[in-house]
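So this block is final.txt, compact mmCIF, N, CA, C and O atoms:
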```
# COMPACT_ATOMS: atom_id res chain seq x y z
N MET X 153 204.44 114.30 69.98
CA MET X 153 203.38 113.75 69.17
C MET X 153 202.09 113.67 70.00
O MET X 153 202.13 113.42 71.19
N TYR X 154 200.97 113.84 69.32
CA TYR X 154 199.67 113.84 69.98
C TYR X 154 198.82 112.71 69.41
O TYR X 154 198.80 112.49 68.21
N SER X 155 198.10 112.05 70.28
CA SER X 155 197.17 111.00 69.86
C SER X 155 195.76 111.53 70.09
O SER X 155 195.24 111.49 71.21
N TYR X 156 195.16 112.03 69.02
CA TYR X 156 193.83 112.61 69.12
C TYR X 156 192.78 111.53 69.33
O TYR X 156 192.86 110.44 68.76
N ARG X 157 191.79 111.85 70.15
CA ARG X 157 190.67 110.92 70.40
C ARG X 157 189.88 110.72 69.11
O ARG X 157 189.69 111.66 68.33
N ALA X 158 189.41 109.50 68.90
CA ALA X 158 188.67 109.16 67.68
C ALA X 158 187.40 110.00 67.55
O ALA X 158 187.08 110.48 66.46
N ASP X 159 186.68 110.22 68.65
CA ASP X 159 185.45 111.00 68.58
C ASP X 159 185.74 112.47 68.23
O ASP X 159 184.99 113.11 67.49
N VAL X 160 186.85 112.98 68.72
CA VAL X 160 187.24 114.35 68.41
C VAL X 160 187.62 114.45 66.93
O VAL X 160 187.21 115.39 66.24
N LEU X 161 188.39 113.48 66.44
CA LEU X 161 188.77 113.49 65.03
C LEU X 161 187.54 113.45 64.12
O LEU X 161 187.50 114.13 63.09
N MET X 162 186.55 112.68 64.52
CA MET X 162 185.32 112.59 63.72
C MET X 162 184.61 113.95 63.66
O MET X 162 184.17 114.39 62.61
N GLU X 163 184.52 114.61 64.80
CA GLU X 163 183.87 115.94 64.84
C GLU X 163 184.69 116.97 64.06
O GLU X 163 184.13 117.80 63.36
N LEU X 164 186.00 116.91 64.20
CA LEU X 164 186.84 117.86 63.47
C LEU X 164 186.71 117.66 61.96
O LEU X 164 186.66 118.63 61.20
N ALA X 165 186.63 116.41 61.53
CA ALA X 165 186.51 116.11 60.10
C ALA X 165 185.24 116.70 59.51
O ALA X 165 185.22 117.07 58.33
N ARG X 166 184.18 116.81 60.30
CA ARG X 166 182.94 117.43 59.82
C ARG X 166 183.17 118.85 59.34
O ARG X 166 182.41 119.38 58.52
N HIS X 167 184.23 119.48 59.87
CA HIS X 167 184.55 120.86 59.51
C HIS X 167 185.78 120.93 58.61
O HIS X 167 186.32 122.02 58.39
N GLY X 168 186.22 119.77 58.13
CA GLY X 168 187.37 119.74 57.24
C GLY X 168 188.70 119.88 57.95
O GLY X 168 189.71 120.19 57.33
N VAL X 169 188.72 119.66 59.26
CA VAL X 169 189.94 119.80 60.05
C VAL X 169 190.52 118.42 60.30
O VAL X 169 189.85 117.56 60.86
N ARG X 170 191.76 118.22 59.87
CA ARG X 170 192.42 116.93 60.04
C ARG X 170 193.82 117.16 60.60
O ARG X 170 194.79 117.26 59.85
N PRO X 171 193.92 117.25 61.92
CA PRO X 171 195.23 117.53 62.52
C PRO X 171 196.21 116.37 62.33
O PRO X 171 195.81 115.20 62.32
N ARG X 172 197.46 116.72 62.16
CA ARG X 172 198.50 115.70 62.09
C ARG X 172 198.92 115.35 63.52
O ARG X 172 198.61 116.11 64.46
N PRO X 173 199.61 114.26 63.70
CA PRO X 173 200.04 113.88 65.05
C PRO X 173 200.94 114.93 65.72
O PRO X 173 201.00 114.99 66.95
N ASP X 174 201.59 115.78 64.92
CA ASP X 174 202.44 116.81 65.52
C ASP X 174 201.74 118.16 65.66
O ASP X 174 202.36 119.14 66.07
N THR X 175 200.43 118.22 65.36
CA THR X 175 199.68 119.47 65.49
C THR X 175 199.20 119.63 66.93
O THR X 175 198.47 118.79 67.44
N PRO X 176 199.61 120.71 67.59
CA PRO X 176 199.20 120.92 68.98
C PRO X 176 197.67 121.08 69.10
O PRO X 176 197.05 121.79 68.29
N PRO X 177 197.07 120.44 70.08
CA PRO X 177 195.61 120.56 70.27
C PRO X 177 195.15 122.00 70.47
O PRO X 177 194.05 122.36 70.07
N GLU X 178 195.98 122.83 71.08
CA GLU X 178 195.61 124.23 71.29
C GLU X 178 195.41 124.94 69.95
O GLU X 178 194.48 125.74 69.81
N LEU X 179 196.27 124.63 68.99
CA LEU X 179 196.16 125.23 67.67
C LEU X 179 194.89 124.75 66.96
O LEU X 179 194.18 125.54 66.33
N VAL X 180 194.59 123.48 67.10
CA VAL X 180 193.40 122.90 66.48
C VAL X 180 192.15 123.54 67.06
O VAL X 180 191.25 123.97 66.34
N ARG X 181 192.10 123.65 68.40
CA ARG X 181 190.91 124.23 69.04
C ARG X 181 190.74 125.69 68.64
O ARG X 181 189.64 126.15 68.36
N GLU X 182 191.83 126.43 68.59
CA GLU X 182 191.76 127.84 68.20
C GLU X 182 191.25 127.98 66.77
O GLU X 182 190.43 128.86 66.47
N PHE X 183 191.69 127.11 65.87
CA PHE X 183 191.24 127.14 64.49
C PHE X 183 189.73 126.90 64.41
O PHE X 183 189.00 127.62 63.72
N VAL X 184 189.26 125.88 65.12
CA VAL X 184 187.82 125.56 65.11
C VAL X 184 187.03 126.70 65.74
O VAL X 184 185.95 127.06 65.26
N ARG X 185 187.56 127.31 66.78
CA ARG X 185 186.90 128.45 67.43
C ARG X 185 186.76 129.62 66.45
O ARG X 185 185.71 130.26 66.36
N GLU X 186 187.81 129.88 65.68
CA GLU X 186 187.76 130.95 64.69
C GLU X 186 186.75 130.63 63.58
O GLU X 186 186.05 131.51 63.09
N LEU X 187 186.69 129.37 63.19
CA LEU X 187 185.71 128.95 62.19
C LEU X 187 184.28 129.18 62.70
O LEU X 187 183.42 129.71 61.99
N TYR X 188 184.04 128.82 63.97
CA TYR X 188 182.73 129.04 64.59
C TYR X 188 182.40 130.54 64.62
O TYR X 188 181.29 130.95 64.27
N LYS X 189 183.36 131.36 65.02
CA LYS X 189 183.12 132.80 65.07
C LYS X 189 182.81 133.36 63.68
O LYS X 189 181.94 134.23 63.54
N PHE X 190 183.49 132.85 62.66
CA PHE X 190 183.20 133.25 61.29
C PHE X 190 181.75 132.92 60.93
O PHE X 190 181.04 133.73 60.34
N GLU X 191 181.31 131.71 61.29
CA GLU X 191 179.93 131.28 61.00
C GLU X 191 178.92 132.16 61.73
O GLU X 191 177.88 132.50 61.17
N ILE X 192 179.21 132.52 62.97
CA ILE X 192 178.31 133.39 63.74
C ILE X 192 178.20 134.77 63.07
O ILE X 192 177.11 135.32 62.92
N ARG X 193 179.35 135.31 62.67
CA ARG X 193 179.32 136.62 61.99
C ARG X 193 178.53 136.54 60.69
O ARG X 193 177.75 137.45 60.37
N ARG X 194 178.72 135.47 59.95
CA ARG X 194 177.98 135.31 58.69
C ARG X 194 176.48 135.20 58.95
O ARG X 194 175.68 135.79 58.23
N LEU X 195 176.11 134.48 60.00
CA LEU X 195 174.70 134.34 60.36
C LEU X 195 174.11 135.71 60.71
O LEU X 195 173.00 136.06 60.27
N ARG X 196 174.86 136.48 61.49
CA ARG X 196 174.38 137.81 61.88
C ARG X 196 174.21 138.71 60.65
O ARG X 196 173.22 139.44 60.53
N GLU X 197 175.17 138.63 59.74
CA GLU X 197 175.06 139.43 58.51
C GLU X 197 173.83 139.05 57.70
O GLU X 197 173.15 139.91 57.15
N ARG X 198 173.54 137.76 57.65
CA ARG X 198 172.34 137.30 56.93
C ARG X 198 171.08 137.86 57.59
O ARG X 198 170.14 138.27 56.90
N MET X 199 171.06 137.88 58.93
CA MET X 199 169.90 138.42 59.63
C MET X 199 169.75 139.90 59.32
O MET X 199 168.65 140.38 59.05
N LEU X 200 170.87 140.62 59.34
CA LEU X 200 170.81 142.06 59.06
C LEU X 200 170.38 142.36 57.63
O LEU X 200 169.79 143.41 57.38
N ARG X 201 170.65 141.44 56.72
CA ARG X 201 170.18 141.59 55.33
C ARG X 201 168.73 141.13 55.18
O ARG X 201 168.20 141.09 54.08
N LYS X 202 168.14 140.75 56.32
CA LYS X 202 166.74 140.32 56.39
C LYS X 202 166.47 139.04 55.58
O LYS X 202 165.40 138.85 55.02
N GLU X 203 167.47 138.14 55.57
CA GLU X 203 167.28 136.84 54.92
C GLU X 203 166.41 135.92 55.78
O GLU X 203 165.87 134.94 55.28
N PHE X 204 166.31 136.26 57.07
CA PHE X 204 165.41 135.56 57.97
C PHE X 204 165.05 136.52 59.10
O PHE X 204 165.77 137.50 59.34
N PRO X 205 163.92 136.29 59.78
CA PRO X 205 163.48 137.23 60.82
C PRO X 205 164.41 137.22 62.04
O PRO X 205 164.97 136.20 62.42
N ARG X 206 164.54 138.38 62.65
CA ARG X 206 165.36 138.54 63.85
C ARG X 206 164.93 137.56 64.95
O ARG X 206 165.77 137.06 65.70
N ALA X 207 163.66 137.26 65.02
CA ALA X 207 163.14 136.35 66.05
C ALA X 207 163.73 134.94 65.92
O ALA X 207 163.74 134.19 66.89
N GLU X 208 164.23 134.59 64.75
CA GLU X 208 164.83 133.27 64.53
C GLU X 208 166.31 133.21 64.87
O GLU X 208 166.91 132.14 64.90
N TYR X 209 166.91 134.36 65.09
CA TYR X 209 168.37 134.43 65.26
C TYR X 209 168.87 133.55 66.40
O TYR X 209 169.81 132.76 66.22
N ALA X 210 168.29 133.66 67.57
CA ALA X 210 168.77 132.90 68.73
C ALA X 210 168.70 131.40 68.47
O ALA X 210 169.64 130.66 68.80
N ALA X 211 167.62 130.94 67.87
CA ALA X 211 167.49 129.51 67.58
C ALA X 211 168.54 129.07 66.56
O ALA X 211 169.09 127.97 66.66
N ARG X 212 168.82 129.92 65.60
CA ARG X 212 169.84 129.58 64.59
C ARG X 212 171.23 129.56 65.20
O ARG X 212 172.07 128.73 64.84
N VAL X 213 171.51 130.48 66.12
CA VAL X 213 172.79 130.48 66.82
C VAL X 213 172.93 129.19 67.63
O VAL X 213 173.98 128.54 67.61
N GLU X 214 171.88 128.80 68.32
CA GLU X 214 171.90 127.57 69.11
C GLU X 214 172.13 126.36 68.21
O GLU X 214 172.91 125.45 68.54
N SER X 215 171.49 126.32 67.09
CA SER X 215 171.67 125.22 66.14
C SER X 215 173.12 125.16 65.65
O SER X 215 173.71 124.08 65.56
N LEU X 216 173.67 126.31 65.36
CA LEU X 216 175.06 126.38 64.93
C LEU X 216 176.00 125.91 66.04
O LEU X 216 176.94 125.15 65.80
N ARG X 217 175.73 126.34 67.27
CA ARG X 217 176.56 125.93 68.41
C ARG X 217 176.59 124.42 68.54
O ARG X 217 177.63 123.83 68.82
N ARG X 218 175.46 123.77 68.31
CA ARG X 218 175.39 122.30 68.43
C ARG X 218 176.21 121.61 67.35
O ARG X 218 176.55 120.44 67.49
N GLN X 219 176.56 122.31 66.29
CA GLN X 219 177.39 121.74 65.24
C GLN X 219 178.88 121.76 65.61
O GLN X 219 179.70 121.21 64.88
N TYR X 220 179.22 122.38 66.72
CA TYR X 220 180.60 122.50 67.17
C TYR X 220 180.77 121.94 68.59
O TYR X 220 181.25 122.65 69.48
N PRO X 221 180.44 120.68 68.82
CA PRO X 221 180.53 120.14 70.19
C PRO X 221 181.96 120.09 70.73
O PRO X 221 182.15 120.11 71.95
N VAL X 222 182.95 120.06 69.86
CA VAL X 222 184.33 120.00 70.35
C VAL X 222 184.71 121.28 71.10
O VAL X 222 185.63 121.25 71.92
N LEU X 223 184.01 122.37 70.86
CA LEU X 223 184.33 123.61 71.57
C LEU X 223 183.93 123.56 73.03
O LEU X 223 184.35 124.41 73.81
N ALA X 224 183.16 122.55 73.41
CA ALA X 224 182.83 122.37 74.82
C ALA X 224 184.00 121.72 75.57
O ALA X 224 184.00 121.67 76.80
N LEU X 225 185.00 121.24 74.82
CA LEU X 225 186.17 120.59 75.41
C LEU X 225 187.33 121.57 75.50
O LEU X 225 187.45 122.49 74.69
N GLN X 226 188.17 121.35 76.49
CA GLN X 226 189.43 122.07 76.55
C GLN X 226 190.39 121.41 75.57
O GLN X 226 190.22 120.24 75.22
N ALA X 227 191.40 122.10 75.14
CA ALA X 227 192.34 121.56 74.15
C ALA X 227 192.97 120.26 74.63
O ALA X 227 193.10 119.30 73.84
N TRP X 228 193.31 120.16 75.90
CA TRP X 228 193.95 118.94 76.40
C TRP X 228 193.00 117.74 76.33
O TRP X 228 193.45 116.59 76.30
N GLN X 229 191.71 117.99 76.24
CA GLN X 229 190.73 116.90 76.15
C GLN X 229 190.58 116.37 74.72
O GLN X 229 189.89 115.40 74.50
N PHE X 230 191.23 117.00 73.75
CA PHE X 230 191.20 116.53 72.37
C PHE X 230 192.04 115.26 72.20
O PHE X 230 191.85 114.54 71.24
N VAL X 231 192.98 115.05 73.09
CA VAL X 231 193.92 113.93 72.93
C VAL X 231 193.69 112.86 74.00
O VAL X 231 193.11 113.11 75.06
N GLU X 232 194.20 111.67 73.68
CA GLU X 232 194.11 110.55 74.62
C GLU X 232 194.99 110.86 75.83
O GLU X 232 196.04 111.50 75.71
N ALA X 233 194.54 110.38 76.98
CA ALA X 233 195.34 110.53 78.19
C ALA X 233 196.61 109.69 78.04
O ALA X 233 196.58 108.63 77.43
N PRO X 234 197.73 110.16 78.56
CA PRO X 234 198.97 109.36 78.48
C PRO X 234 198.75 107.96 79.07
O PRO X 234 198.14 107.80 80.12
N GLY X 235 199.18 106.99 78.30
CA GLY X 235 199.02 105.61 78.75
C GLY X 235 197.64 105.05 78.48
O GLY X 235 197.32 103.94 78.82
N GLY X 236 196.73 105.86 77.87
CA GLY X 236 195.35 105.44 77.66
C GLY X 236 195.14 105.07 76.27
O GLY X 236 194.41 104.48 75.69
```

Just give me the structure of the file as structure tokens.
Amino acid sequence: MYSYRADVLMELARHGVRPRPDTPPELVREFVRELYKFEIRRLRERMLRKEFPRAEYAARVESLRRQYPVLALQAWQFVEAPGG
């Protein structure tokens, strides 16, 4: 069983991710990573369709990255330390 950190659960919920106590943190992180990659691909496709100027792409990628702060953590950091 895993005891996910409250701050991590809050960030995951922003993306509709609600791991159960038996869900491995590695699986949760991989899922969120795939979601982020999907968003990046979608953003790039929008740029290529000229929905916004290419010059804005980097700033939009950075903005998107800030929406996924849990990806700055390793999977083991998603859960409380044993005894903590």

Which residues, written as a PyMOL selection string, have at least one atom at most 8 Å from region 169-178 of chain X, with all atoms listed in the file counted and residues fewer than 6 positions away on the same chain left out?
chain X and resi 153-156+160-163+184-185+226-231

Nearest to Val213 (chain X): which of X:Glu191, X:Arg198, X:Glu182, X:Ala233 is it, counting all atoms listed in the file?
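Closest to Val213 (chain X), using all atoms listed in the file: X:Glu191.
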
Point-to-point distance in Å for atom O of Ala158 (chain X) and atom C of Ala211 (chain X)
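Atom C of Ala211 (chain X) sits 26.3 Å away from atom O of Ala158 (chain X).
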
Excluding Arg212 (chain X) and residues on its chain fewer than 6 positions from it, collect all residues at most 8 Å away from it, counting all atoms listed in the file, and give them as a PyMOL selection string.
chain X and resi 191-192+195+206+218-219

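Proximity ranking of X:Arg193, X:Val222, X:Arg166, X:Pro234 relative to Tyr209 (chain X) places X:Arg193 first, based on only C-alpha atoms.
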
So how far away is atom O of Arg194 (chain X) from atom C of His167 (chain X), in Å?
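That distance, rounded to one decimal, is 18.0 Å.
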
Nearest residue to Arg181 (chain X) out of X:Glu203, X:Glu232, X:Ala224, X:Arg196, using only C-alpha atoms?
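Once distances to Arg181 (chain X) are computed over only C-alpha atoms, the minimum belongs to X:Ala224.
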
What would region 209-220 of chain X look like with all heavy atoms restored, written as a PDB file, in the frame of the given file?
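Saved as rebuild34.pdb:
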```
ATOM      1  N   TYR X 209     166.910 134.360  65.090  1.00  0.00           N
ATOM      2  CA  TYR X 209     168.370 134.430  65.260  1.00  0.00           C
ATOM      3  C   TYR X 209     168.870 133.550  66.400  1.00  0.00           C
ATOM      4  O   TYR X 209     169.810 132.760  66.220  1.00  0.00           O
ATOM      5  CB  TYR X 209     168.811 135.878  65.440  1.00  0.00           C
ATOM      6  CG  TYR X 209     170.302 136.041  65.575  1.00  0.00           C
ATOM      7  CD1 TYR X 209     171.145 135.818  64.500  1.00  0.00           C
ATOM      8  CD2 TYR X 209     170.875 136.435  66.779  1.00  0.00           C
ATOM      9  CE1 TYR X 209     172.521 135.964  64.612  1.00  0.00           C
ATOM     10  CE2 TYR X 209     172.242 136.590  66.901  1.00  0.00           C
ATOM     11  CZ  TYR X 209     173.056 136.353  65.821  1.00  0.00           C
ATOM     12  OH  TYR X 209     174.416 136.502  65.955  1.00  0.00           O
ATOM     13  N   ALA X 210     168.290 133.660  67.570  1.00  0.00           N
ATOM     14  CA  ALA X 210     168.770 132.900  68.730  1.00  0.00           C
ATOM     15  C   ALA X 210     168.700 131.400  68.470  1.00  0.00           C
ATOM     16  O   ALA X 210     169.640 130.660  68.800  1.00  0.00           O
ATOM     17  CB  ALA X 210     167.966 133.262  69.978  1.00  0.00           C
ATOM     18  N   ALA X 211     167.620 130.940  67.870  1.00  0.00           N
ATOM     19  CA  ALA X 211     167.490 129.510  67.580  1.00  0.00           C
ATOM     20  C   ALA X 211     168.540 129.070  66.560  1.00  0.00           C
ATOM     21  O   ALA X 211     169.090 127.970  66.660  1.00  0.00           O
ATOM     22  CB  ALA X 211     166.090 129.201  67.073  1.00  0.00           C
ATOM     23  N   ARG X 212     168.820 129.920  65.600  1.00  0.00           N
ATOM     24  CA  ARG X 212     169.840 129.580  64.590  1.00  0.00           C
ATOM     25  C   ARG X 212     171.230 129.560  65.200  1.00  0.00           C
ATOM     26  O   ARG X 212     172.070 128.730  64.840  1.00  0.00           O
ATOM     27  CB  ARG X 212     169.763 130.543  63.415  1.00  0.00           C
ATOM     28  CG  ARG X 212     168.527 130.315  62.564  1.00  0.00           C
ATOM     29  CD  ARG X 212     168.466 131.300  61.420  1.00  0.00           C
ATOM     30  NE  ARG X 212     167.246 131.136  60.654  1.00  0.00           N
ATOM     31  CZ  ARG X 212     167.230 130.943  59.330  1.00  0.00           C
ATOM     32  NH1 ARG X 212     168.345 130.904  58.645  1.00  0.00           N
ATOM     33  NH2 ARG X 212     166.079 130.806  58.706  1.00  0.00           N
ATOM     34  N   VAL X 213     171.510 130.480  66.120  1.00  0.00           N
ATOM     35  CA  VAL X 213     172.790 130.480  66.820  1.00  0.00           C
ATOM     36  C   VAL X 213     172.930 129.190  67.630  1.00  0.00           C
ATOM     37  O   VAL X 213     173.980 128.540  67.610  1.00  0.00           O
ATOM     38  CB  VAL X 213     172.946 131.716  67.719  1.00  0.00           C
ATOM     39  CG1 VAL X 213     174.125 131.568  68.672  1.00  0.00           C
ATOM     40  CG2 VAL X 213     173.092 132.972  66.873  1.00  0.00           C
ATOM     41  N   GLU X 214     171.880 128.800  68.320  1.00  0.00           N
ATOM     42  CA  GLU X 214     171.900 127.570  69.110  1.00  0.00           C
ATOM     43  C   GLU X 214     172.130 126.360  68.210  1.00  0.00           C
ATOM     44  O   GLU X 214     172.910 125.450  68.540  1.00  0.00           O
ATOM     45  CB  GLU X 214     170.601 127.419  69.893  1.00  0.00           C
ATOM     46  CG  GLU X 214     170.494 126.142  70.701  1.00  0.00           C
ATOM     47  CD  GLU X 214     171.549 126.016  71.788  1.00  0.00           C
ATOM     48  OE1 GLU X 214     172.095 127.037  72.235  1.00  0.00           O
ATOM     49  OE2 GLU X 214     171.836 124.870  72.185  1.00  0.00           O
ATOM     50  N   SER X 215     171.490 126.320  67.090  1.00  0.00           N
ATOM     51  CA  SER X 215     171.670 125.220  66.140  1.00  0.00           C
ATOM     52  C   SER X 215     173.120 125.160  65.650  1.00  0.00           C
ATOM     53  O   SER X 215     173.710 124.080  65.560  1.00  0.00           O
ATOM     54  CB  SER X 215     170.711 125.393  64.965  1.00  0.00           C
ATOM     55  OG  SER X 215     170.942 124.414  63.997  1.00  0.00           O
ATOM     56  N   LEU X 216     173.670 126.310  65.360  1.00  0.00           N
ATOM     57  CA  LEU X 216     175.060 126.380  64.930  1.00  0.00           C
ATOM     58  C   LEU X 216     176.000 125.910  66.040  1.00  0.00           C
ATOM     59  O   LEU X 216     176.940 125.150  65.800  1.00  0.00           O
ATOM     60  CB  LEU X 216     175.409 127.803  64.502  1.00  0.00           C
ATOM     61  CG  LEU X 216     176.799 128.032  63.947  1.00  0.00           C
ATOM     62  CD1 LEU X 216     177.032 127.194  62.692  1.00  0.00           C
ATOM     63  CD2 LEU X 216     177.003 129.508  63.648  1.00  0.00           C
ATOM     64  N   ARG X 217     175.730 126.340  67.270  1.00  0.00           N
ATOM     65  CA  ARG X 217     176.560 125.930  68.410  1.00  0.00           C
ATOM     66  C   ARG X 217     176.590 124.420  68.540  1.00  0.00           C
ATOM     67  O   ARG X 217     177.630 123.830  68.820  1.00  0.00           O
ATOM     68  CB  ARG X 217     176.057 126.568  69.696  1.00  0.00           C
ATOM     69  CG  ARG X 217     176.959 126.292  70.905  1.00  0.00           C
ATOM     70  CD  ARG X 217     176.334 126.722  72.204  1.00  0.00           C
ATOM     71  NE  ARG X 217     175.112 125.994  72.502  1.00  0.00           N
ATOM     72  CZ  ARG X 217     175.069 124.752  72.991  1.00  0.00           C
ATOM     73  NH1 ARG X 217     176.169 124.077  73.199  1.00  0.00           N
ATOM     74  NH2 ARG X 217     173.915 124.175  73.257  1.00  0.00           N
ATOM     75  N   ARG X 218     175.460 123.770  68.310  1.00  0.00           N
ATOM     76  CA  ARG X 218     175.390 122.300  68.430  1.00  0.00           C
ATOM     77  C   ARG X 218     176.210 121.610  67.350  1.00  0.00           C
ATOM     78  O   ARG X 218     176.550 120.440  67.490  1.00  0.00           O
ATOM     79  CB  ARG X 218     173.943 121.837  68.389  1.00  0.00           C
ATOM     80  CG  ARG X 218     173.195 122.108  69.700  1.00  0.00           C
ATOM     81  CD  ARG X 218     171.863 121.365  69.765  1.00  0.00           C
ATOM     82  NE  ARG X 218     170.990 121.669  68.642  1.00  0.00           N
ATOM     83  CZ  ARG X 218     170.082 122.644  68.619  1.00  0.00           C
ATOM     84  NH1 ARG X 218     169.924 123.407  69.660  1.00  0.00           N
ATOM     85  NH2 ARG X 218     169.331 122.833  67.552  1.00  0.00           N
ATOM     86  N   GLN X 219     176.560 122.310  66.290  1.00  0.00           N
ATOM     87  CA  GLN X 219     177.390 121.740  65.240  1.00  0.00           C
ATOM     88  C   GLN X 219     178.880 121.760  65.610  1.00  0.00           C
ATOM     89  O   GLN X 219     179.700 121.210  64.880  1.00  0.00           O
ATOM     90  CB  GLN X 219     177.187 122.501  63.927  1.00  0.00           C
ATOM     91  CG  GLN X 219     175.790 122.359  63.373  1.00  0.00           C
ATOM     92  CD  GLN X 219     175.598 123.205  62.130  1.00  0.00           C
ATOM     93  OE1 GLN X 219     176.525 123.394  61.348  1.00  0.00           O
ATOM     94  NE2 GLN X 219     174.396 123.728  61.967  1.00  0.00           N
ATOM     95  N   TYR X 220     179.220 122.380  66.720  1.00  0.00           N
ATOM     96  CA  TYR X 220     180.600 122.500  67.170  1.00  0.00           C
ATOM     97  C   TYR X 220     180.770 121.940  68.590  1.00  0.00           C
ATOM     98  O   TYR X 220     181.250 122.650  69.480  1.00  0.00           O
ATOM     99  CB  TYR X 220     181.044 123.963  67.128  1.00  0.00           C
ATOM    100  CG  TYR X 220     181.243 124.502  65.742  1.00  0.00           C
ATOM    101  CD1 TYR X 220     180.166 124.990  64.997  1.00  0.00           C
ATOM    102  CD2 TYR X 220     182.505 124.523  65.164  1.00  0.00           C
ATOM    103  CE1 TYR X 220     180.356 125.479  63.716  1.00  0.00           C
ATOM    104  CE2 TYR X 220     182.695 125.018  63.886  1.00  0.00           C
ATOM    105  CZ  TYR X 220     181.617 125.491  63.166  1.00  0.00           C
ATOM    106  OH  TYR X 220     181.807 125.975  61.903  1.00  0.00           O
TER     107      TYR X 220
END
```
